[in-house]
file coords.csv (CSV, C-alpha atoms)
chain,number,residue,atom,x,y,z
A,1,MET,CA,-13.1,-6.6,-14.2
A,2,ASN,CA,-12.5,-8.1,-10.8
A,3,LEU,CA,-15.9,-9.9,-10.9
A,4,VAL,CA,-15.1,-11.4,-14.3
A,5,LYS,CA,-11.7,-12.5,-13.1
A,6,THR,CA,-13.3,-14.1,-10.0
A,7,GLY,CA,-15.8,-15.9,-12.2
A,8,LEU,CA,-13.1,-17.3,-14.4
A,9,LEU,CA,-11.1,-18.4,-11.4
A,10,LEU,CA,-14.1,-20.2,-9.9
A,11,ALA,CA,-14.8,-21.8,-13.3
A,12,ALA,CA,-11.2,-22.9,-13.4
A,13,MET,CA,-11.3,-24.4,-10.0
A,14,THR,CA,-14.6,-26.3,-10.8
A,15,ALA,CA,-13.0,-27.6,-14.0
A,16,LEU,CA,-9.9,-28.6,-12.1
A,17,PHE,CA,-12.1,-30.5,-9.5
A,18,LEU,CA,-14.0,-32.5,-12.1
A,19,ALA,CA,-10.9,-33.1,-14.2
A,20,ALA,CA,-9.0,-34.4,-11.1
A,21,GLY,CA,-11.9,-36.8,-10.4
A,22,PHE,CA,-11.8,-38.1,-13.9
A,23,LEU,CA,-8.0,-38.4,-14.1
A,24,ILE,CA,-7.9,-40.2,-10.7
A,25,GLY,CA,-10.8,-42.5,-11.2
A,26,GLY,CA,-12.1,-42.3,-14.7
A,27,GLU,CA,-15.8,-41.9,-15.2
A,28,GLY,CA,-16.5,-43.3,-11.7
A,29,GLY,CA,-14.1,-40.7,-10.3
A,30,LEU,CA,-15.9,-37.9,-12.2
A,31,LEU,CA,-19.2,-39.0,-10.7
A,32,ILE,CA,-17.8,-39.2,-7.2
A,33,ALA,CA,-16.3,-35.7,-7.7
A,34,LEU,CA,-19.6,-34.3,-8.8
A,35,LEU,CA,-21.5,-35.9,-5.9
A,36,LEU,CA,-18.8,-34.8,-3.4
A,37,ALA,CA,-19.0,-31.3,-4.7
A,38,LEU,CA,-22.7,-31.1,-4.3
A,39,ALA,CA,-22.7,-32.6,-0.8
A,40,MET,CA,-19.8,-30.3,0.5
A,41,ASN,CA,-21.3,-27.2,-1.0
A,42,ALA,CA,-24.7,-27.9,0.5
A,43,PHE,CA,-23.1,-28.4,3.9
A,44,ALA,CA,-21.0,-25.2,3.5
A,45,TRP,CA,-24.1,-23.2,2.4
A,46,TRP,CA,-26.0,-24.0,5.6
A,47,ASN,CA,-23.2,-24.3,8.2
A,48,SER,CA,-20.0,-22.5,7.1
A,49,ASP,CA,-20.8,-19.3,9.0
A,50,LYS,CA,-21.6,-21.1,12.3
A,51,MET,CA,-18.6,-23.4,11.8
A,52,VAL,CA,-16.0,-20.6,11.3
A,53,LEU,CA,-17.4,-18.5,14.1
A,54,ARG,CA,-17.2,-21.5,16.5
A,55,MET,CA,-13.6,-22.1,15.4
A,56,HIS,CA,-12.5,-18.7,16.5
A,57,GLY,CA,-14.5,-18.7,19.7
A,58,ALA,CA,-16.6,-15.7,18.5
A,59,GLN,CA,-19.3,-14.4,20.9
A,60,VAL,CA,-22.4,-12.6,19.7
A,61,VAL,CA,-23.0,-9.1,21.1
A,62,SER,CA,-26.1,-7.0,21.1
A,63,ARG,CA,-26.7,-3.3,21.3
A,64,ALA,CA,-27.1,-3.6,25.1
A,65,SER,CA,-23.7,-5.3,25.6
A,66,ALA,CA,-21.7,-3.3,23.0
A,67,PRO,CA,-23.6,-0.2,22.0
A,68,GLU,CA,-20.9,1.8,20.2
A,69,LEU,CA,-19.8,-1.2,18.1
A,70,TRP,CA,-23.4,-2.2,17.3
A,71,ASP,CA,-24.4,1.3,16.4
A,72,MET,CA,-21.4,1.7,14.1
A,73,VAL,CA,-22.2,-1.5,12.3
A,74,ALA,CA,-25.8,-0.6,12.0
A,75,GLU,CA,-25.0,2.9,10.5
A,76,LEU,CA,-22.6,1.5,8.0
A,77,ALA,CA,-25.0,-1.3,7.0
A,78,ARG,CA,-27.6,1.4,6.4
A,79,ARG,CA,-25.2,3.3,4.2
A,80,ALA,CA,-24.4,0.1,2.3
A,81,ASP,CA,-28.1,-0.7,1.9
A,82,LEU,CA,-27.6,-4.0,3.7
A,83,PRO,CA,-29.7,-5.7,6.4
A,84,MET,CA,-28.2,-5.5,9.9
A,85,PRO,CA,-25.7,-8.4,10.2
A,86,ALA,CA,-25.1,-10.3,13.4
A,87,VAL,CA,-22.1,-8.8,15.4
A,88,TYR,CA,-19.5,-11.0,17.0
A,89,VAL,CA,-16.4,-10.4,19.1
A,90,ILE,CA,-13.4,-12.7,19.0
A,91,PRO,CA,-11.3,-12.9,22.2
A,92,SER,CA,-7.9,-12.3,20.7
A,93,ASP,CA,-5.2,-9.6,21.2
A,94,GLN,CA,-4.4,-9.6,17.5
A,95,PRO,CA,-6.3,-6.8,15.7
A,96,ASN,CA,-8.3,-8.4,12.9
A,97,ALA,CA,-11.8,-8.9,11.5
A,98,PHE,CA,-13.8,-10.9,9.0
A,99,ALA,CA,-17.3,-11.3,7.6
A,100,THR,CA,-19.1,-14.6,6.9
A,101,GLY,CA,-22.6,-15.8,5.9
A,102,ARG,CA,-24.2,-17.3,2.8
A,103,ASP,CA,-26.0,-14.1,1.8
A,104,PRO,CA,-26.7,-10.5,3.2
A,105,GLN,CA,-29.8,-11.8,5.0
A,106,HIS,CA,-27.7,-14.4,6.9
A,107,ALA,CA,-24.4,-12.5,7.4
A,108,ALA,CA,-22.2,-11.8,10.4
A,109,VAL,CA,-19.3,-9.4,11.1
A,110,ALA,CA,-16.7,-10.5,13.6
A,111,VAL,CA,-14.0,-8.3,15.1
A,112,THR,CA,-11.3,-9.1,17.7
A,113,THR,CA,-11.0,-7.5,21.1
A,114,GLY,CA,-7.5,-6.4,19.9
A,115,ILE,CA,-8.9,-4.3,17.0
A,116,LEU,CA,-11.4,-2.7,19.4
A,117,GLU,CA,-8.6,-1.7,21.8
A,118,THR,CA,-6.1,-0.4,19.2
A,119,LEU,CA,-7.9,1.2,16.3
A,120,PRO,CA,-9.3,4.8,16.4
A,121,ARG,CA,-13.0,5.0,15.7
A,122,GLU,CA,-12.5,6.2,12.1
A,123,GLU,CA,-10.1,3.4,11.2
A,124,LEU,CA,-12.5,0.8,12.8
A,125,ALA,CA,-15.2,2.2,10.7
A,126,GLY,CA,-13.0,1.6,7.6
A,127,VAL,CA,-12.5,-2.0,8.6
A,128,ILE,CA,-16.1,-2.7,9.2
A,129,ALA,CA,-17.1,-1.0,6.0
A,130,HIS,CA,-14.6,-3.3,4.2
A,131,GLU,CA,-16.2,-6.4,5.8
A,132,LEU,CA,-19.7,-5.1,4.8
A,133,ALA,CA,-18.4,-4.7,1.3
A,134,HIS,CA,-17.5,-8.4,1.3
A,135,ILE,CA,-21.1,-9.1,2.3
A,136,LYS,CA,-22.6,-6.8,-0.3
A,137,ASN,CA,-20.3,-8.3,-3.0
A,138,ARG,CA,-21.3,-11.8,-1.8
A,139,ASP,CA,-17.6,-12.6,-1.4
A,140,THR,CA,-18.5,-14.6,1.7
A,141,LEU,CA,-20.3,-17.1,-0.4
A,142,ILE,CA,-17.7,-17.0,-3.2
A,143,MET,CA,-14.9,-17.8,-0.8
A,144,THR,CA,-16.9,-20.5,0.9
A,145,VAL,CA,-17.4,-22.2,-2.4
A,146,ALA,CA,-13.7,-21.8,-3.3
A,147,ALA,CA,-12.6,-23.2,0.0
A,148,THR,CA,-15.1,-26.1,-0.2
A,149,ILE,CA,-14.0,-27.1,-3.7
A,150,ALA,CA,-10.3,-26.9,-2.7
A,151,GLY,CA,-11.0,-29.1,0.3
A,152,ALA,CA,-12.9,-31.5,-1.9
A,153,ILE,CA,-10.0,-31.8,-4.3
A,154,GLY,CA,-7.8,-32.7,-1.4
A,155,MET,CA,-10.3,-35.4,-0.4
A,156,LEU,CA,-10.2,-36.8,-3.9
A,157,ALA,CA,-6.5,-36.9,-3.8
A,158,ASN,CA,-6.6,-38.9,-0.5
A,159,PHE,CA,-9.1,-41.3,-2.0
A,160,GLY,CA,-6.8,-41.7,-5.0
A,161,PHE,CA,-3.9,-42.6,-2.8
A,162,LEU,CA,-6.0,-45.3,-1.2
A,163,PHE,CA,-6.7,-47.0,-4.5
A,164,ALA,CA,-3.6,-46.1,-6.4
A,165,GLY,CA,-1.8,-49.4,-5.5
A,166,SER,CA,-4.5,-51.7,-6.7
A,167,ARG,CA,-3.7,-54.2,-9.5
A,168,ASP,CA,-6.1,-52.6,-12.0
A,169,SER,CA,-4.9,-49.0,-11.4
A,170,GLU,CA,-3.5,-48.9,-14.9
A,171,ASN,CA,-6.9,-49.6,-16.4
A,172,ARG,CA,-8.9,-47.3,-14.0
A,173,HIS,CA,-6.8,-44.2,-14.4
A,174,PRO,CA,-6.8,-42.6,-17.9
A,175,LEU,CA,-3.2,-41.4,-17.4
A,176,GLY,CA,-2.1,-44.6,-15.8
A,177,ALA,CA,-0.9,-45.1,-12.2
A,178,VAL,CA,2.0,-42.7,-12.5
A,179,GLY,CA,-0.1,-40.0,-14.1
A,180,ALA,CA,-2.8,-40.5,-11.4
A,181,LEU,CA,-0.1,-40.1,-8.7
A,182,LEU,CA,1.0,-36.8,-10.2
A,183,VAL,CA,-2.6,-35.6,-10.3
A,184,MET,CA,-3.1,-36.5,-6.7
A,185,ILE,CA,0.0,-34.4,-5.7
A,186,LEU,CA,-0.5,-31.4,-8.1
A,187,ALA,CA,-4.3,-31.0,-8.1
A,188,PRO,CA,-4.5,-29.9,-4.4
A,189,LEU,CA,-1.6,-27.5,-4.9
A,190,ALA,CA,-3.2,-26.0,-8.0
A,191,ALA,CA,-6.6,-25.7,-6.2
A,192,THR,CA,-4.9,-23.9,-3.3
A,193,LEU,CA,-3.2,-21.4,-5.6
A,194,VAL,CA,-6.5,-20.7,-7.5
A,195,GLN,CA,-8.3,-20.3,-4.2
A,196,LEU,CA,-5.7,-17.8,-3.0
A,197,ALA,CA,-5.9,-15.9,-6.3
A,198,ILE,CA,-9.7,-15.6,-5.8
A,199,SER,CA,-9.2,-14.3,-2.3
A,200,ARG,CA,-6.6,-11.7,-3.4
A,201,THR,CA,-8.9,-10.5,-6.2
A,202,ARG,CA,-11.8,-10.0,-3.9
A,203,GLU,CA,-9.8,-8.0,-1.4
A,204,TYR,CA,-9.1,-5.1,-3.8
A,205,ALA,CA,-12.8,-4.9,-4.7
A,206,ALA,CA,-13.8,-4.9,-1.0
A,207,ASP,CA,-11.3,-2.2,-0.3
A,208,ARG,CA,-12.8,0.1,-2.9
A,209,LEU,CA,-16.4,-0.5,-2.0
A,210,GLY,CA,-15.5,-0.3,1.7
A,211,ALA,CA,-14.0,3.2,1.1
A,212,GLU,CA,-17.2,4.2,-0.6
A,213,ILE,CA,-19.3,2.9,2.3
A,214,CYS,CA,-17.4,4.7,5.1
A,215,GLY,CA,-16.7,7.7,2.9
A,216,GLN,CA,-12.9,8.0,3.3
A,217,PRO,CA,-10.4,5.6,1.7
A,218,LEU,CA,-7.5,6.8,4.0
A,219,TRP,CA,-9.3,5.5,7.1
A,220,LEU,CA,-9.1,2.0,5.7
A,221,ALA,CA,-5.5,2.6,4.4
A,222,ARG,CA,-4.3,3.6,7.9
A,223,ALA,CA,-6.2,0.7,9.5
A,224,LEU,CA,-4.5,-1.8,7.2
A,225,GLN,CA,-1.1,-0.4,8.0
A,226,ARG,CA,-1.8,-0.5,11.8
A,227,ILE,CA,-3.3,-4.0,11.7
A,228,GLU,CA,-0.5,-5.5,9.8
A,229,ALA,CA,2.2,-4.0,12.0
A,230,LEU,CA,0.5,-5.2,15.2
A,231,ALA,CA,-0.6,-8.6,13.7
A,232,GLU,CA,3.1,-9.4,13.1
A,233,GLN,CA,3.7,-9.0,16.8
A,234,ARG,CA,0.7,-10.9,18.2
A,235,VAL,CA,-0.2,-14.5,17.5
A,236,MET,CA,-3.8,-15.5,17.0
A,237,PRO,CA,-4.0,-19.1,18.2
A,238,SER,CA,-7.4,-19.9,16.7
A,239,ALA,CA,-6.1,-18.9,13.2
A,240,GLU,CA,-2.9,-20.9,13.6
A,241,HIS,CA,-5.1,-23.9,14.6
A,242,HIS,CA,-7.4,-23.3,11.6
A,243,PRO,CA,-5.2,-21.9,8.8
A,244,ALA,CA,-7.9,-22.6,6.2
A,245,THR,CA,-9.9,-19.7,7.5
A,246,ALA,CA,-7.0,-17.2,7.1
A,247,HIS,CA,-8.4,-15.8,3.8
A,248,LEU,CA,-11.5,-14.6,5.6
A,249,PHE,CA,-9.7,-12.0,7.6
A,250,ILE,CA,-9.0,-8.4,6.5
A,251,VAL,CA,-5.2,-9.0,7.1
A,252,ASN,CA,-3.6,-12.4,7.1
A,253,PRO,CA,-3.6,-13.6,10.7
A,254,LEU,CA,-0.9,-16.2,10.2
A,255,ARG,CA,2.8,-15.8,10.6
A,256,MET,CA,4.3,-16.0,7.1
A,257,GLY,CA,7.8,-15.9,5.7
A,258,GLY,CA,10.1,-17.2,3.0
A,259,VAL,CA,8.4,-19.6,0.6
A,260,ASP,CA,5.1,-19.1,2.4
A,261,ASN,CA,4.7,-15.8,0.5
A,262,LEU,CA,3.8,-18.0,-2.5
A,263,PHE,CA,0.6,-18.9,-0.6
A,264,ARG,CA,-0.4,-15.4,0.5
A,265,THR,CA,-4.1,-15.2,1.2
A,266,HIS,CA,-4.1,-11.4,0.7
A,267,PRO,CA,-2.5,-8.9,-1.7
A,268,PRO,CA,0.5,-7.1,-0.2
A,269,THR,CA,-0.7,-4.4,2.2
A,270,GLU,CA,1.4,-1.8,0.5
A,271,SER,CA,-0.4,-2.4,-2.8
A,272,ARG,CA,-3.8,-2.1,-1.1
A,273,VAL,CA,-2.7,1.1,0.6
A,274,ALA,CA,-1.4,2.5,-2.6
A,275,ALA,CA,-4.7,1.8,-4.4
A,276,LEU,CA,-6.6,3.5,-1.5
A,277,VAL,CA,-4.4,6.5,-1.5
A,278,GLU,CA,-4.9,6.9,-5.3
A,279,LEU,CA,-8.7,6.5,-4.8
A,280,ALA,CA,-8.5,9.3,-2.2
A,281,ARG,CA,-6.6,11.5,-4.6
A,282,THR,CA,-9.2,11.1,-7.3
A,283,MET,CA,-12.0,11.8,-4.9
A,284,GLY,CA,-10.4,15.0,-3.5
A,285,PRO,CA,-10.3,16.2,0.1
A,286,GLY,CA,-14.1,16.1,0.5
A,287,GLY,CA,-14.4,12.4,0.1
A,288,PHE,CA,-17.8,10.8,-0.5
A,289,GLN,CA,-20.8,13.0,0.5
A,290,VAL,CA,-22.3,12.2,3.9
A,291,GLN,CA,-24.9,14.2,5.9
A,292,PRO,CA,-23.2,16.7,8.3
A,293,ARG,CA,-23.1,15.6,11.9
A,294,ARG,CA,-21.8,17.0,15.1
A,295,VAL,CA,-18.0,17.7,15.2
A,296,ALA,CA,-15.9,15.6,17.5
A,297,PRO,CA,-12.5,16.4,19.0
A,298,ALA,CA,-9.8,16.7,16.3
A,299,ALA,CA,-7.2,14.5,18.0
A,300,ARG,CA,-5.8,12.0,15.5
A,301,ARG,CA,-3.0,9.5,15.3
A,302,ARG,CA,-0.5,10.2,12.5
A,303,GLY,CA,1.1,7.6,10.3
A,304,SER,CA,2.6,7.2,6.8
A,305,VAL,CA,-0.8,7.7,5.2
A,306,PRO,CA,-1.8,11.3,5.2
A,307,GLU,CA,-4.7,12.5,7.5
A,308,THR,CA,-7.9,13.5,5.7
A,309,GLY,CA,-9.3,16.9,6.2
A,310,THR,CA,-8.5,19.6,8.9
A,311,ALA,CA,-10.2,20.6,12.1
A,312,ARG,CA,-12.4,22.9,10.1
A,313,GLY,CA,-14.5,21.1,7.4
A,314,SER,CA,-12.9,17.8,8.3
A,315,VAL,CA,-14.3,14.3,7.8
A,316,TRP,CA,-15.5,14.3,11.4
A,317,GLN,CA,-18.3,16.7,10.4
A,318,ARG,CA,-19.6,14.2,7.8
A,319,ASN,CA,-19.7,10.9,9.6
A,320,PRO,CA,-22.3,9.8,12.1
A,321,TRP,CA,-20.3,7.4,14.2
A,322,ASN,CA,-17.9,10.1,15.5
A,323,ARG,CA,-19.1,11.9,18.6
call {"tool": "encode", "arguments": {"input": "coords.csv", "output": "structure tokens"}}
result
Amino acid sequence: MNLVKTGLLLAAMTALFLAAGFLIGGEGGLLIALLLALAMNAFAWWNSDKMVLRMHGAQVVSRASAPELWDMVAELARRADLPMPAVYVIPSDQPNAFATGRDPQHAAVAVTTGILETLPREELAGVIAHELAHIKNRDTLIMTVAATIAGAIGMLANFGFLFAGSRDSENRHPLGAVGALLVMILAPLAATLVQLAISRTREYAADRLGAEICGQPLWLARALQRIEALAEQRVMPSAEHHPATAHLFIVNPLRMGGVDNLFRTHPPTESRVAALVELARTMGPGGFQVQPRRVAPAARRRGSVPETGTARGSVWQRNPWNR
């Protein structure tokens, strides 16, 4: 259902883009819109991952420089039946993470230094599994296309403003100059709302698949709660400077409030947690089956989401990244 909804939203955004081009510039505007869409999507296809990683100052790490993180990503990628993605670390105190790349063969997972310092290992595994779910679902490509089309609609609106005052504007615009002016104002707003709706839809799907990959929905649920609480206290300068990338992160990295909630890039965390808790309830205490591994210390941090398992027969016995 989420995939169908995403497809419909993408189709709606594409139709909005072409319609805006036609309403702003007639048949010539439609042709410009089509060419602009092709050019921007081609650029985004080849360069979006490098561009967003550069925006946030992400630094690639190897197994030699970050063995525990690299091994965790490798194990989870194996469980998700994905190629090993590139692993990056973002120098930021705010705990957060995102995935990018045009396909699973050209994907990257980026985590902040803040998330490495604050999350327990099982919660970090839940976060990375969520990001791998985005890669497996090809959400990184979907969101790139959505962001590109939204940006292109904004560019069309700017072009329209440049020519709106010309003497023959009444003839060039099917709706007339006033109608074209309304399209220039409303089309970018509508595109942004559709883009955010796509982002919110994909988060629920990635939460569920991420829970399946790591084996325990409550790990991700507790991680979401912890990340949101800490993200509200810590500013991420690179995200504030590049707010168009906010939808990529597991939790919105921007400071929001008031009317800004209309433009939320993510579903409410409490709704995501509730869905994960319900998933855990339907799965039962055993979670998804994983090969038994060596048991680690049973020390845990407690929160509003219940812990999974007990010292005997706990999830620590079933997951390979705990030592």
call {"tool": "atom_distance", "arguments": {"input": "coords.csv", "atom1": "CA of Ile153 in chain A", "atom2": "CA of Ala246 in chain A"}}
result
18.8 Å
call {"tool": "residues_near_point", "arguments": {"input": "coords.csv", "point": "(-1.0, 2.5, 5.7)", "cutoff": "6 Å", "atoms": "all atoms listed in the file", "output": "ChimeraX atom specification"}}
result
/A:221-222,224-225,273,305
call {"tool": "residues_near_point", "arguments": {"input": "coords.csv", "point": "(-9.0, -3.1, -0.1)", "cutoff": "8 Å", "atoms": "only C-alpha atoms", "output": "PDB file with C-alpha atoms, in the frame of the given file"}}
result
ATOM      1  CA  HIS A 130     -14.600  -3.300   4.200  1.00  0.00           C
ATOM      2  CA  GLU A 203      -9.800  -8.000  -1.400  1.00  0.00           C
ATOM      3  CA  TYR A 204      -9.100  -5.100  -3.800  1.00  0.00           C
ATOM      4  CA  ALA A 205     -12.800  -4.900  -4.700  1.00  0.00           C
ATOM      5  CA  ALA A 206     -13.800  -4.900  -1.000  1.00  0.00           C
ATOM      6  CA  ASP A 207     -11.300  -2.200  -0.300  1.00  0.00           C
ATOM      7  CA  ARG A 208     -12.800   0.100  -2.900  1.00  0.00           C
ATOM      8  CA  GLY A 210     -15.500  -0.300   1.700  1.00  0.00           C
ATOM      9  CA  LEU A 220      -9.100   2.000   5.700  1.00  0.00           C
ATOM     10  CA  ARG A 272      -3.800  -2.100  -1.100  1.00  0.00           C
ATOM     11  CA  VAL A 273      -2.700   1.100   0.600  1.00  0.00           C
ATOM     12  CA  ALA A 275      -4.700   1.800  -4.400  1.00  0.00           C
ATOM     13  CA  LEU A 276      -6.600   3.500  -1.500  1.00  0.00           C
TER      14      LEU A 276
END
call {"tool": "closest_residue", "arguments": {"input": "coords.csv", "among": "A:Ala58, A:Ala66, A:Ala229, A:Leu248", "to": "Pro91 in chain A", "atoms": "only C-alpha atoms"}}
result
A:Ala58
call {"tool": "closest_residue", "arguments": {"input": "coords.csv", "among": "A:Trp70, A:Phe98, A:Phe22, A:Trp46", "to": "Ala239 in chain A", "atoms": "all atoms listed in the file"}}
result
A:Phe98
call {"tool": "closest_residue", "arguments": {"input": "coords.csv", "among": "A:Thr113, A:Asp93, A:Leu124, A:Met283", "to": "Glu232 in chain A", "atoms": "all atoms listed in the file"}}
result
A:Asp93
call {"tool": "closest_residue", "arguments": {"input": "coords.csv", "among": "A:Gln233, A:Gln216, A:Gln94, A:Ser199", "to": "Pro267 in chain A", "atoms": "only C-alpha atoms"}}
result
A:Ser199
